Every structure is written in C-alpha cells, then in structure tokens.
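structure-v5.txt (compact mmCIF, C-alpha atoms) appears below.
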```txt
# COMPACT_ATOMS: atom_id res chain seq x y z
CA MET A 1 89.05 -78.06 2.99
CA LYS A 2 88.31 -74.42 3.52
CA ASP A 3 84.65 -75.06 2.77
CA ILE A 4 84.43 -77.71 5.46
CA LYS A 5 86.09 -75.42 7.96
CA LEU A 6 83.63 -72.62 7.22
CA ARG A 7 80.76 -75.01 7.50
CA ILE A 8 81.95 -76.24 10.93
CA LYS A 9 82.17 -72.62 12.09
CA SER A 10 78.63 -71.83 10.99
CA VAL A 11 77.18 -74.96 12.57
CA GLU A 12 79.01 -74.13 15.79
CA ASN A 13 77.51 -70.66 15.77
CA THR A 14 74.03 -72.05 15.31
CA MET A 15 74.67 -74.46 18.13
CA GLN A 16 75.58 -71.61 20.42
CA ILE A 17 72.29 -69.93 19.65
CA THR A 18 70.22 -73.05 20.17
CA LYS A 19 72.03 -73.75 23.43
CA ALA A 20 71.39 -70.22 24.64
CA MET A 21 67.72 -70.46 23.70
CA GLU A 22 67.43 -73.74 25.52
CA LEU A 23 68.89 -72.19 28.66
CA VAL A 24 66.60 -69.19 28.47
CA ALA A 25 63.58 -71.43 28.01
CA SER A 26 64.64 -73.64 30.93
CA SER A 27 65.03 -70.77 33.32
CA LYS A 28 61.72 -69.17 32.35
CA LEU A 29 60.04 -72.54 32.41
CA LYS A 30 60.50 -72.99 36.13
CA LYS A 31 58.62 -69.80 36.90
CA ALA A 32 55.95 -70.55 34.34
CA ARG A 33 55.45 -74.02 35.76
CA ASP A 34 55.05 -72.71 39.29
CA ARG A 35 52.46 -70.24 38.09
CA MET A 36 50.64 -72.91 36.14
CA GLU A 37 50.66 -75.36 39.01
CA SER A 38 49.13 -72.82 41.40
CA ALA A 39 46.46 -71.90 38.86
CA ARG A 40 45.56 -75.43 37.86
CA PRO A 41 43.28 -76.51 40.78
CA TYR A 42 41.35 -73.27 40.45
CA PHE A 43 41.12 -73.60 36.69
CA MET A 44 39.83 -77.20 36.83
CA THR A 45 37.37 -76.63 39.65
CA LEU A 46 36.05 -73.44 38.15
CA PHE A 47 35.31 -75.14 34.86
CA ASN A 48 33.61 -78.15 36.46
CA THR A 49 31.73 -76.20 39.10
CA LEU A 50 30.15 -73.71 36.78
CA ASN A 51 29.17 -76.35 34.30
CA ASP A 52 27.69 -78.47 37.09
CA ILE A 53 25.75 -75.50 38.38
CA ALA A 54 24.49 -74.98 34.86
CA ALA A 55 23.55 -78.65 34.64
CA TYR A 56 21.32 -78.63 37.68
CA THR A 57 19.82 -75.25 37.09
CA VAL A 58 16.27 -75.57 35.84
CA ASP A 59 15.78 -71.88 35.45
CA PHE A 60 16.70 -70.69 31.97
CA SER A 61 16.30 -66.99 32.40
CA SER A 62 20.00 -66.42 31.92
CA PRO A 63 21.16 -66.24 28.29
CA PHE A 64 24.40 -67.94 29.33
CA LEU A 65 22.56 -71.22 29.87
CA VAL A 66 20.69 -71.37 26.60
CA LYS A 67 22.00 -72.93 23.44
CA ARG A 68 20.96 -70.91 20.44
CA PRO A 69 21.44 -71.33 16.72
CA VAL A 70 25.05 -70.57 16.01
CA LYS A 71 25.72 -67.73 13.65
CA LYS A 72 29.05 -66.63 14.99
CA SER A 73 31.64 -68.46 17.08
CA ALA A 74 34.31 -66.68 19.05
CA TYR A 75 37.67 -68.28 19.75
CA VAL A 76 40.43 -67.25 22.07
CA LEU A 77 43.45 -68.63 20.23
CA ILE A 78 46.51 -68.88 22.41
CA ALA A 79 49.85 -69.45 20.69
CA GLY A 80 53.41 -68.24 21.14
CA ASP A 81 55.11 -64.93 20.52
CA ARG A 82 57.98 -66.66 18.77
CA GLY A 83 58.59 -69.75 16.70
CA LEU A 84 61.35 -72.29 17.19
CA ALA A 85 59.30 -74.33 19.60
CA GLY A 86 58.92 -77.50 17.60
CA GLY A 87 55.35 -78.13 16.58
CA TYR A 88 53.88 -75.99 19.35
CA ASN A 89 52.31 -73.27 17.21
CA ASN A 90 51.48 -75.46 14.26
CA ASN A 91 49.72 -78.13 16.28
CA MET A 92 47.50 -75.48 17.81
CA PHE A 93 46.67 -73.94 14.44
CA LYS A 94 45.93 -77.33 12.89
CA LEU A 95 43.47 -78.18 15.64
CA PHE A 96 41.88 -74.76 15.41
CA THR A 97 41.50 -75.02 11.63
CA ALA A 98 39.84 -78.42 11.93
CA HIS A 99 37.52 -77.23 14.67
CA SER A 100 36.46 -73.97 13.07
CA GLN A 101 36.07 -75.37 9.56
CA ASP A 102 32.33 -74.92 9.09
CA LYS A 103 31.96 -72.06 11.51
CA ASN A 104 31.82 -68.37 11.08
CA ALA A 105 34.74 -67.71 13.37
CA VAL A 106 35.96 -64.55 15.00
CA VAL A 107 39.21 -64.76 16.94
CA ILE A 108 40.92 -63.05 19.82
CA PRO A 109 44.51 -64.02 19.10
CA VAL A 110 46.86 -64.14 22.06
CA GLY A 111 50.52 -64.28 21.06
CA LYS A 112 52.21 -62.77 18.01
CA LYS A 113 52.17 -66.01 16.07
CA ALA A 114 48.41 -66.28 16.55
CA VAL A 115 47.95 -62.76 15.19
CA ASP A 116 50.13 -63.55 12.17
CA PHE A 117 48.22 -66.76 11.57
CA CYS A 118 44.83 -65.03 11.56
CA LYS A 119 46.08 -62.33 9.21
CA ARG A 120 47.57 -64.83 6.84
CA ARG A 121 44.37 -66.85 6.72
CA ASN A 122 42.12 -63.81 6.60
CA ILE A 123 40.29 -64.83 9.75
CA GLU A 124 38.26 -62.09 11.35
CA ILE A 125 40.04 -60.65 14.37
CA PHE A 126 38.08 -59.35 17.35
CA THR A 127 40.87 -57.34 18.89
CA GLU A 128 44.63 -57.35 18.53
CA GLU A 129 45.31 -55.82 21.88
CA TYR A 130 46.52 -59.01 23.50
CA SER A 131 49.24 -59.96 21.07
CA GLN A 132 51.93 -60.55 23.68
CA VAL A 133 51.39 -63.79 25.51
CA GLU A 134 54.40 -63.37 27.77
CA ASP A 135 53.29 -60.14 29.43
CA LEU A 136 49.59 -60.86 29.51
CA SER A 137 48.44 -59.73 32.96
CA SER A 138 45.44 -60.86 34.94
CA ALA A 139 43.92 -57.43 34.21
CA ASP A 140 44.12 -58.26 30.50
CA CYS A 141 42.37 -61.56 31.19
CA THR A 142 39.63 -59.64 32.98
CA ASP A 143 39.25 -57.44 29.91
CA ILE A 144 38.95 -60.48 27.66
CA GLY A 145 36.45 -62.08 30.04
CA ASP A 146 34.29 -58.97 30.21
CA LEU A 147 34.47 -58.44 26.47
CA LEU A 148 33.41 -61.97 25.60
CA SER A 149 30.63 -62.23 28.20
CA ASP A 150 29.31 -58.88 27.14
CA SER A 151 29.22 -59.74 23.45
CA PHE A 152 27.66 -63.09 24.26
CA GLU A 153 24.93 -61.58 26.37
CA LYS A 154 24.18 -59.07 23.63
CA GLY A 155 23.94 -61.88 21.11
CA GLU A 156 26.85 -60.74 18.95
CA ILE A 157 28.46 -64.14 19.38
CA ASP A 158 26.72 -67.44 20.04
CA GLU A 159 29.57 -69.65 21.18
CA VAL A 160 32.89 -69.11 22.89
CA PHE A 161 35.84 -71.49 22.78
CA ILE A 162 39.31 -71.32 24.21
CA CYS A 163 42.12 -72.96 22.24
CA TYR A 164 45.13 -73.64 24.43
CA THR A 165 47.88 -76.17 24.93
CA THR A 166 47.80 -78.35 28.03
CA PHE A 167 51.00 -79.09 29.81
CA VAL A 168 51.05 -82.87 30.15
CA SER A 169 54.71 -83.21 31.07
CA MET A 170 58.04 -81.62 30.24
CA LEU A 171 58.18 -83.72 27.08
CA SER A 172 54.57 -83.73 26.03
CA GLN A 173 52.08 -80.94 25.47
CA SER A 174 48.80 -81.31 23.67
CA PRO A 175 46.58 -78.69 22.06
CA GLU A 176 42.98 -78.60 23.23
CA ILE A 177 39.77 -76.69 22.68
CA ILE A 178 37.23 -76.18 25.43
CA GLN A 179 33.78 -74.74 25.12
CA VAL A 180 33.23 -71.88 27.51
CA LEU A 181 29.87 -70.45 26.53
CA PRO A 182 27.04 -71.33 26.58
CA LEU A 183 27.59 -73.34 29.74
CA VAL A 184 27.22 -77.03 29.02
CA SER A 185 27.81 -79.84 31.40
CA VAL A 186 30.22 -82.58 30.51
CA ASN A 187 28.56 -84.91 32.99
CA ALA A 188 24.98 -83.70 32.92
CA ASP A 189 23.57 -87.15 33.56
CA THR A 190 25.08 -87.44 36.99
CA TYR A 191 22.93 -84.60 38.26
CA GLN A 192 19.28 -84.78 38.94
CA ARG A 193 17.54 -81.81 37.51
CA ASN A 194 15.28 -81.56 40.51
CA THR A 195 18.00 -80.91 43.10
CA ILE A 196 16.91 -77.94 45.11
CA THR A 197 19.48 -75.21 45.08
CA GLU A 198 19.26 -71.71 46.46
CA TYR A 199 20.47 -68.90 44.23
CA GLU A 200 21.44 -65.61 45.74
CA PRO A 201 20.45 -63.35 43.95
CA ASP A 202 18.24 -64.93 41.24
CA PRO A 203 19.93 -67.09 38.55
CA GLU A 204 19.75 -64.45 35.85
CA GLU A 205 21.52 -61.83 37.93
CA LEU A 206 23.86 -64.39 39.42
CA PHE A 207 25.09 -65.71 36.10
CA HIS A 208 25.40 -62.16 34.84
CA MET A 209 27.89 -61.58 37.66
CA LEU A 210 29.64 -64.92 37.62
CA VAL A 211 30.14 -65.58 33.92
CA PRO A 212 32.61 -62.74 33.25
CA GLN A 213 34.69 -63.98 36.18
CA PHE A 214 34.36 -67.52 34.91
CA VAL A 215 35.60 -66.61 31.44
CA THR A 216 38.39 -64.52 32.97
CA GLY A 217 39.50 -67.40 35.17
CA LEU A 218 39.53 -69.81 32.27
CA VAL A 219 41.47 -67.45 30.02
CA TYR A 220 44.01 -66.90 32.78
CA GLY A 221 44.35 -70.63 33.39
CA ALA A 222 44.63 -71.39 29.68
CA VAL A 223 47.31 -68.74 29.23
CA THR A 224 49.44 -70.06 32.09
CA GLU A 225 49.16 -73.61 30.74
CA SER A 226 50.02 -72.55 27.21
CA TRP A 227 52.95 -70.43 28.29
CA ALA A 228 54.46 -73.28 30.26
CA SER A 229 53.82 -75.63 27.33
CA GLU A 230 55.46 -73.24 24.88
CA LEU A 231 58.61 -73.01 26.96
CA ALA A 232 58.75 -76.76 27.46
CA ALA A 233 58.26 -77.32 23.73
CA ARG A 234 60.98 -74.80 22.92
CA ARG A 235 63.34 -76.37 25.39
CA THR A 236 62.83 -79.81 23.87
CA ALA A 237 63.17 -78.48 20.32
CA MET A 238 66.32 -76.54 21.12
CA ASP A 239 67.82 -79.49 22.94
CA ALA A 240 67.25 -81.65 19.86
CA ALA A 241 68.69 -78.93 17.62
CA SER A 242 71.82 -78.66 19.77
CA LYS A 243 72.28 -82.41 19.66
CA ASN A 244 71.90 -82.44 15.87
CA ALA A 245 74.40 -79.62 15.55
CA GLN A 246 76.82 -81.53 17.75
CA GLU A 247 76.47 -84.57 15.52
CA MET A 248 77.02 -82.47 12.40
CA VAL A 249 80.12 -80.88 13.85
CA SER A 250 81.68 -84.23 14.72
CA GLY A 251 80.80 -85.59 11.26
CA LEU A 252 82.29 -82.56 9.58
CA SER A 253 85.40 -82.64 11.76
CA LEU A 254 85.99 -86.22 10.75
CA GLN A 255 85.70 -85.22 7.09
CA TYR A 256 88.02 -82.28 7.63
CA ASN A 257 90.64 -84.40 9.36
CA ARG A 258 90.46 -87.01 6.63
CA ALA A 259 90.93 -84.37 3.96
CA ARG A 260 93.82 -82.89 5.88
CA GLN A 261 95.48 -86.28 6.32
CA ALA A 262 95.00 -87.04 2.64
CA ALA A 263 96.68 -83.77 1.71
CA ILE A 264 99.63 -84.46 4.02
CA THR A 265 100.01 -88.01 2.73
CA GLN A 266 100.01 -86.72 -0.80
CA GLU A 267 102.65 -84.13 0.00
CA ILE A 268 104.88 -86.73 1.64
CA THR A 269 104.48 -89.05 -1.32
CA GLU A 270 105.47 -86.22 -3.62
CA ILE A 271 108.54 -85.34 -1.55
CA VAL A 272 109.61 -88.95 -1.29
CA ALA A 273 109.13 -89.40 -5.02
CA GLY A 274 111.14 -86.21 -5.68
CA ALA A 275 113.98 -87.36 -3.35
CA GLY A 276 114.17 -90.79 -5.04
CA GLU A 277 114.66 -89.17 -8.43
CA GLY A 278 117.50 -86.94 -7.30
CA MET B 1 31.52 -80.87 66.30
CA ALA B 2 29.99 -81.43 62.90
CA THR B 3 32.17 -80.30 60.05
CA PHE B 4 31.98 -79.82 56.32
CA ASN B 5 34.57 -80.14 53.58
CA LEU B 6 35.94 -76.74 52.63
CA LYS B 7 38.06 -75.81 49.63
CA ILE B 8 39.37 -72.34 48.94
CA PHE B 9 40.96 -71.83 45.54
CA SER B 10 42.26 -68.83 43.64
CA PRO B 11 44.36 -68.57 40.47
CA TYR B 12 47.35 -68.15 42.79
CA GLY B 13 46.96 -71.48 44.52
CA VAL B 14 45.03 -73.66 46.93
CA HIS B 15 44.54 -71.68 50.13
CA PHE B 16 42.69 -74.24 52.17
CA GLU B 17 41.51 -77.78 51.74
CA GLY B 18 40.04 -79.76 54.63
CA GLU B 19 37.40 -79.94 57.31
CA ALA B 20 35.94 -76.75 58.73
CA GLU B 21 33.15 -75.96 61.17
CA ALA B 22 31.91 -72.66 59.81
CA ILE B 23 32.71 -70.01 57.24
CA THR B 24 31.51 -66.44 56.99
CA LEU B 25 31.86 -64.54 53.74
CA ARG B 26 30.78 -61.28 52.19
CA THR B 27 28.51 -62.04 49.25
CA VAL B 28 26.98 -59.55 46.85
CA THR B 29 23.78 -59.60 48.90
CA GLY B 30 25.47 -59.32 52.30
CA ASP B 31 27.32 -61.47 54.80
CA VAL B 32 26.57 -65.17 54.73
CA SER B 33 27.58 -67.85 57.21
CA ILE B 34 27.71 -71.46 56.20
CA TRP B 35 27.47 -74.16 58.84
CA PRO B 36 27.53 -77.93 58.37
CA ASN B 37 24.62 -79.43 56.44
CA HIS B 38 23.70 -76.18 54.78
CA SER B 39 21.29 -76.47 51.88
CA ASN B 40 22.74 -76.34 48.35
CA THR B 41 23.56 -72.77 47.53
CA VAL B 42 25.23 -70.83 44.75
CA THR B 43 26.12 -67.22 45.18
CA ALA B 44 28.58 -64.58 44.00
CA LEU B 45 31.13 -63.08 46.35
CA ASP B 46 32.05 -59.48 46.91
CA VAL B 47 35.33 -58.07 48.25
CA GLY B 48 35.34 -58.67 51.96
CA ARG B 49 36.48 -60.22 55.16
CA CYS B 50 36.25 -63.96 55.39
CA SER B 51 36.46 -65.97 58.59
CA VAL B 52 36.70 -69.71 58.92
CA VAL B 53 36.44 -71.85 62.05
CA ILE B 54 38.81 -74.80 61.85
CA ASN B 55 39.16 -77.11 64.87
CA GLY B 56 37.59 -74.50 67.14
CA GLU B 57 40.04 -71.86 66.00
CA LYS B 58 39.16 -68.87 63.92
CA ARG B 59 41.20 -67.89 60.87
CA VAL B 60 40.62 -64.63 59.08
CA GLY B 61 41.35 -63.70 55.49
CA VAL B 62 40.40 -61.37 52.68
CA CYS B 63 38.39 -62.76 49.82
CA ASN B 64 38.06 -60.80 46.61
CA ARG B 65 35.13 -61.60 44.33
CA GLY B 66 34.39 -65.05 43.04
CA LEU B 67 31.95 -67.83 43.58
CA LEU B 68 30.59 -69.77 46.54
CA ASN B 69 29.16 -73.20 45.81
CA VAL B 70 27.63 -75.40 48.49
CA THR B 71 26.66 -78.94 47.48
CA LYS B 72 25.95 -81.79 49.89
CA ASN B 73 28.17 -80.52 52.68
CA ASN B 74 30.96 -79.59 50.29
CA VAL B 75 31.80 -75.93 50.24
CA GLU B 76 33.88 -74.49 47.40
CA VAL B 77 35.14 -70.94 47.42
CA LEU B 78 36.58 -69.90 44.05
CA ALA B 79 37.97 -66.43 44.59
CA ALA B 80 39.63 -64.07 42.13
CA THR B 81 42.17 -63.44 44.89
CA PHE B 82 42.37 -64.73 48.44
CA GLU B 83 44.78 -63.96 51.28
CA TRP B 84 45.01 -65.09 54.87
CA LYS B 85 45.48 -62.35 57.41
CA GLU B 86 49.00 -63.53 58.31
CA ASP B 87 50.09 -63.32 54.66
CA ILE B 88 49.14 -59.67 54.23
CA ASP B 89 52.05 -57.27 54.19
CA LEU B 90 50.70 -54.21 55.98
CA GLU B 91 53.22 -51.74 54.59
CA ARG B 92 52.59 -52.87 51.07
CA ALA B 93 48.84 -52.86 51.57
CA GLN B 94 49.02 -49.28 52.81
CA SER B 95 51.16 -48.05 49.97
CA GLU B 96 48.88 -49.88 47.52
CA LEU B 97 45.91 -48.18 49.13
CA GLU B 98 47.48 -44.76 48.56
CA ARG B 99 48.30 -45.67 44.98
CA ARG B 100 44.79 -46.92 44.30
CA LYS B 101 43.29 -43.79 45.85
CA LYS B 102 45.37 -41.71 43.49
CA GLU B 103 44.21 -43.86 40.61
CA LEU B 104 40.61 -43.27 41.61
CA ALA B 105 41.18 -39.52 41.73
CA ASP B 106 42.73 -39.62 38.25
CA ALA B 107 40.13 -41.94 36.74
CA LYS B 108 38.01 -40.26 34.10
CA ASP B 109 35.54 -42.50 32.32
CA GLU B 110 32.87 -44.51 34.08
CA LYS B 111 34.49 -47.87 33.59
CA SER B 112 37.82 -46.94 35.07
CA ILE B 113 36.15 -45.17 37.99
CA ALA B 114 34.17 -48.30 38.77
CA ARG B 115 37.31 -50.40 38.56
CA ALA B 116 39.36 -48.04 40.69
CA LYS B 117 36.60 -48.03 43.32
CA ILE B 118 36.74 -51.81 43.59
CA ARG B 119 40.51 -51.67 43.97
CA VAL B 120 40.39 -49.00 46.67
CA LYS B 121 37.77 -51.03 48.52
CA ARG B 122 39.92 -54.12 48.33
CA GLU B 123 42.99 -52.39 49.73
CA LEU B 124 40.89 -50.78 52.45
CA ILE B 125 39.61 -54.15 53.55
CA ARG B 126 43.09 -55.63 53.43
CA THR B 127 44.48 -52.98 55.76
CA GLN B 128 41.42 -53.21 57.99
CA VAL B 129 41.64 -56.96 58.35
CA LYS B 130 45.36 -56.77 59.02
CA THR B 131 45.05 -54.13 61.74
CA GLU B 132 42.00 -55.53 63.54
CA ASN B 133 42.47 -57.58 66.67
```

Kindly transcribe the structure held in the file into structure tokens.
Amino acid sequence: MKDIKLRIKSVENTMQITKAMELVASSKLKKARDRMESARPYFMTLFNTLNDIAAYTVDFSSPFLVKRPVKKSAYVLIAGDRGLAGGYNNNMFKLFTAHSQDKNAVVIPVGKKAVDFCKRRNIEIFTEEYSQVEDLSSADCTDIGDLLSDSFEKGEIDEVFICYTTFVSMLSQSPEIIQVLPLVSVNADTYQRNTITEYEPDPEELFHMLVPQFVTGLVYGAVTESWASELAARRTAMDAASKNAQEMVSGLSLQYNRARQAAITQEITEIVAGAGEG
Amino acid sequence: MATFNLKIFSPYGVHFEGEAEAITLRTVTGDVSIWPNHSNTVTALDVGRCSVVINGEKRVGVCNRGLLNVTKNNVEVLAATFEWKEDIDLERAQSELERRKKELADAKDEKSIARAKIRVKRELIRTQVKTEN
C-alpha cells in the first residue's frame, strides 16, 4: 500500500512538471508564431524570386549560379536547445542523416541538441557559435549568411543546404531540407531563357551583393519556422504526457483504494471472528 | 492612371501589397524610379529613402538593403528592414543614432567599422525621413 502511495506521489510530481512545461511552451509559442507568420511571406518570396532570377539569367559569370562537382556540402542544421519535444529533434536528425549519407558534410549546428548530435556522430562542425536557437538574433543570421556565401565563393564548399522544420499546423510539423546554393530553379521550365532582363550592376557583382542577404534571409526564416515548430511539438508532447500521467494516477488510485478496502474488510472479518469466539 | 502590382516584404512582415503608380528607391548604383510597364530589372538596394505613389498620394518610407525585382509589371521589394515614415519613432531613432555613433567610434577592426557605418547611415536616414516635410 505504501508503495502505491509513493508511486502516485511521484507520478503527480512528474505531471506538475509536464503541465508547467506545456504552459511555458504555449505562452512562448504565441510570440514565436507571430514572428514566423510575419517572416513567412518574405521567406517564401525571397526563395522563389532569387531562384527565378537565377533561372532566367543567361550570364554565368557569378560562381553562385554554377553547379560544380561536389567535394564538400555545408548544412545549416536547425534543432532545439532542449529535448522533450516529441520527435522534433529526432525527425530532423533522421532526415539529415539520410540526406547527407554519401556526402562529405560540414555542419553549422543551430541549437544545443544539434551540436550534441554532430559531436556524437563525429560530423565536422563549421562553427559552434550559434548553439542557442532561442536567442539567435538577426545579426547572427547575417553572420551565418556572410560566412556561407564567402566560403562558397572561395570554393571551400560546393553546396549549401538548410535543414529546418516547417510549421504546418499546431499539431503537425515536418522536417525539410532546402538547397540554398548554388541557386537552382524549382520551376526552370516556366521561364524562357531569352527573357531580356536588366541587371544593375552586372550579374557577377549583383549576385555577390545579393547572395549573402539571400542566405541570411533564408536562415532567419528557417530559424523562426523551426522555433515555432519546436514549441508546438513540445506543447503537444507535454499535453500527451500530462494526460498519460493523469490516467496513471487514476489507475493507481483505484488500486490503492482497492487495497485499502481489502485491508479494512480483512480487519473487520478478524474482529467479527474474534467476537464470535468470545 | 496606369498602375503596376507592388509588393514590399521584409522579415518583419508584409508592408505593402497592391496597385501603385510609381516607386522611387535608393539602389546601390543610385536612385531608381519604377513606373508602370518598366522593363524587367533586377538590382540590389542600399539604405535609403523610398517613396511610393498610391492612388495619387505619396507615401514615404525607409528601405534598408535588399532586392528589387521587376518582372512583367510586377514589382517586388524584398528588404532586410522596411519602415513607413508614420511608423518611425523619432525619439527612439535619435537615441539609436547616438548609440550607433558611439559604436562606430569604438569599432576597431575593419569589419566592425564597416558594419557600424551602415548602421549609423541607416539611423541618419530614419531621422531625416521622419523630420522632413
């Protein structure tokens, strides 16, 4: 009986924690969602526009437009700072592992869990400076953008991908990988290569200026999406955990009450039996 | 009057979406005005004043870096930051300007000096746009 009581206590304590975490995630989620929703149109348009520009550009003087043999692929891997968010971190890592299987990958991990993951798997890390996803500022995104564009232009890396989690709804988030560099068009066929477009200044210089901003914008967008997804995933996971705990407590209480009743019944039987003898 | 479809986006939201008659922006090679039926153009933006004519009325804002893309009478402005004149808080802009100036004075290496310069310029333009008539 004592065991059951202790067990109920410990489950109740856990439930308090999961409830608290759910509340924290909910309150942060609202802010994160607002931020994500303001960034989303920019994020989408930026990605499409630059790739479209790349698709109808016939001038290949800019290294950002040219596909070259891939020796090294860079990934920006965005995951959470903490666990307890259901499959959020693991789904991302699974997708990343599948994607980077035959590549010589170098990673910029964003989020503590991403850093841990890379260390555990002995994946080469570019820089560990951005390990906190929650306080990542737009200045940090600029740094990442500059760093990646610079290394790409110098030929140190030949591909750049961003791994992030899209926020589909409060209940569903899905990990995704987008190719950032070199610029490739998703819908290249819809553009005629002979469209006349003016570039100010020339394409080489122009892409040199635009690409760092492009990468920065995408990193920023991906981080806001992932952060909102993480909180939503945590909220759902914690909600489920609280419900499970609730179920366990009621199951255990039933057991406890039965045991108690059995003990009382036995005692009464003993007393009655004792009284009958005397 | 002829119009074109204008969209102004930044990571902080959609600042304008609709028909406009003209837009003037500071690009890296100087001021550029776009009128309806402009040829397809791609250019990079600098920090600067931006004015848009919507329904015969002029709206002024501050556009900070980014991309201008004109395709078939669709104009997209993708700015790193964008603010309409009426949304600028003058007091804050002035205190930011002082702060950024201090940052510039304290900046040591080349990279941070270049960055601080851009920031000072941005705050200068913000206060200028806000105080102009």

Starting from chain B, keep only residues with some atom at most 10 Å from an atom of chain A, counting all atoms listed in the file, and report them as a ChimeraX atom specification. /B:8-15,27-30,39-45,65-71,76-80

I need the chosen residues saved as a short mmCIF file (atom, residue, chain, number, x, y, z; two decimals), keeping the file's coordinate frame, with C-alpha atoms.
```cif
data_model
loop_
_atom_site.label_atom_id
_atom_site.label_comp_id
_atom_site.auth_asym_id
_atom_site.auth_seq_id
_atom_site.Cartn_x
_atom_site.Cartn_y
_atom_site.Cartn_z
CA ILE B 8 39.37 -72.34 48.94
CA PHE B 9 40.96 -71.83 45.54
CA SER B 10 42.26 -68.83 43.64
CA PRO B 11 44.36 -68.57 40.47
CA TYR B 12 47.35 -68.15 42.79
CA GLY B 13 46.96 -71.48 44.52
CA VAL B 14 45.03 -73.66 46.93
CA HIS B 15 44.54 -71.68 50.13
CA THR B 27 28.51 -62.04 49.25
CA VAL B 28 26.98 -59.55 46.85
CA THR B 29 23.78 -59.60 48.90
CA GLY B 30 25.47 -59.32 52.30
CA SER B 39 21.29 -76.47 51.88
CA ASN B 40 22.74 -76.34 48.35
CA THR B 41 23.56 -72.77 47.53
CA VAL B 42 25.23 -70.83 44.75
CA THR B 43 26.12 -67.22 45.18
CA ALA B 44 28.58 -64.58 44.00
CA LEU B 45 31.13 -63.08 46.35
CA ARG B 65 35.13 -61.60 44.33
CA GLY B 66 34.39 -65.05 43.04
CA LEU B 67 31.95 -67.83 43.58
CA LEU B 68 30.59 -69.77 46.54
CA ASN B 69 29.16 -73.20 45.81
CA VAL B 70 27.63 -75.40 48.49
CA THR B 71 26.66 -78.94 47.48
CA GLU B 76 33.88 -74.49 47.40
CA VAL B 77 35.14 -70.94 47.42
CA LEU B 78 36.58 -69.90 44.05
CA ALA B 79 37.97 -66.43 44.59
CA ALA B 80 39.63 -64.07 42.13
#
```

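You will find CA of Glu134 in chain A at 27.2 Å from CA of Ser95 in chain B.
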
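Picture a line from CA of Gln101 in chain A to CA of Tyr88 in chain A; it runs 20.3 Å.
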
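Between CA of Asp31 in chain B and CA of Asn48 in chain A the interatomic distance comes to 25.6 Å.
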
Would you list the contacts of Thr3 in chain B as a ChimeraX atom specification, taking every protein, DNA or RNA residue within 9 Å and counting all atoms listed in the file, but skipping same-chain residues closer than 3 positions in sequence? /B:19-22,35-37,54,73

Pick out the residues sitting within 6 Å of range 4-15 of chain A, and hand them over as a ChimeraX atom specification; count only C-alpha atoms, and ignore anything fewer than 6 positions along from it in its own chain. /A:242,245,249

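For the set B:Ile113, B:Ile118, B:Leu124, B:Ala2, the residue with the smallest atom-to-atom gap to Asp46 in chain B is B:Ile118, counting all atoms listed in the file.
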
Applying 10 Å and all atoms listed in the file, which residues near Met238 in chain A remain after dropping the ones on its own chain fewer than 2 positions away? List them as a list of chain:residue names. A:Met15, A:Ile17, A:Thr18, A:Lys19, A:Ala20, A:Met21, A:Glu22, A:Leu23, A:Ala25, A:Leu84, A:Ala85, A:Gly86, A:Ala232, A:Ala233, A:Arg234, A:Arg235, A:Thr236, A:Ala240, A:Ala241, A:Ser242, A:Lys243, A:Asn244

Give me the residues within 10 Å of Leu136 in chain A as a PyMOL selection string, counting only C-alpha atoms and dropping any in the same chain fewer than 3 places off. chain A and resi 110-111+130-133+139-141+220+223-224

With distances taken over only C-alpha atoms, the candidate from A:Ile178, A:Ile268, A:Val211, A:Val76 nearest Ile144 in chain A is A:Val76

Determine, counting only C-alpha atoms, which protein, DNA and RNA residues have an atom within 9 Å of an atom of Lys101 in chain B; residues of the same chain fewer than 5 positions away are not included. Present the result as number ranges by chain. B: 96, 106, 116-117, 119-120
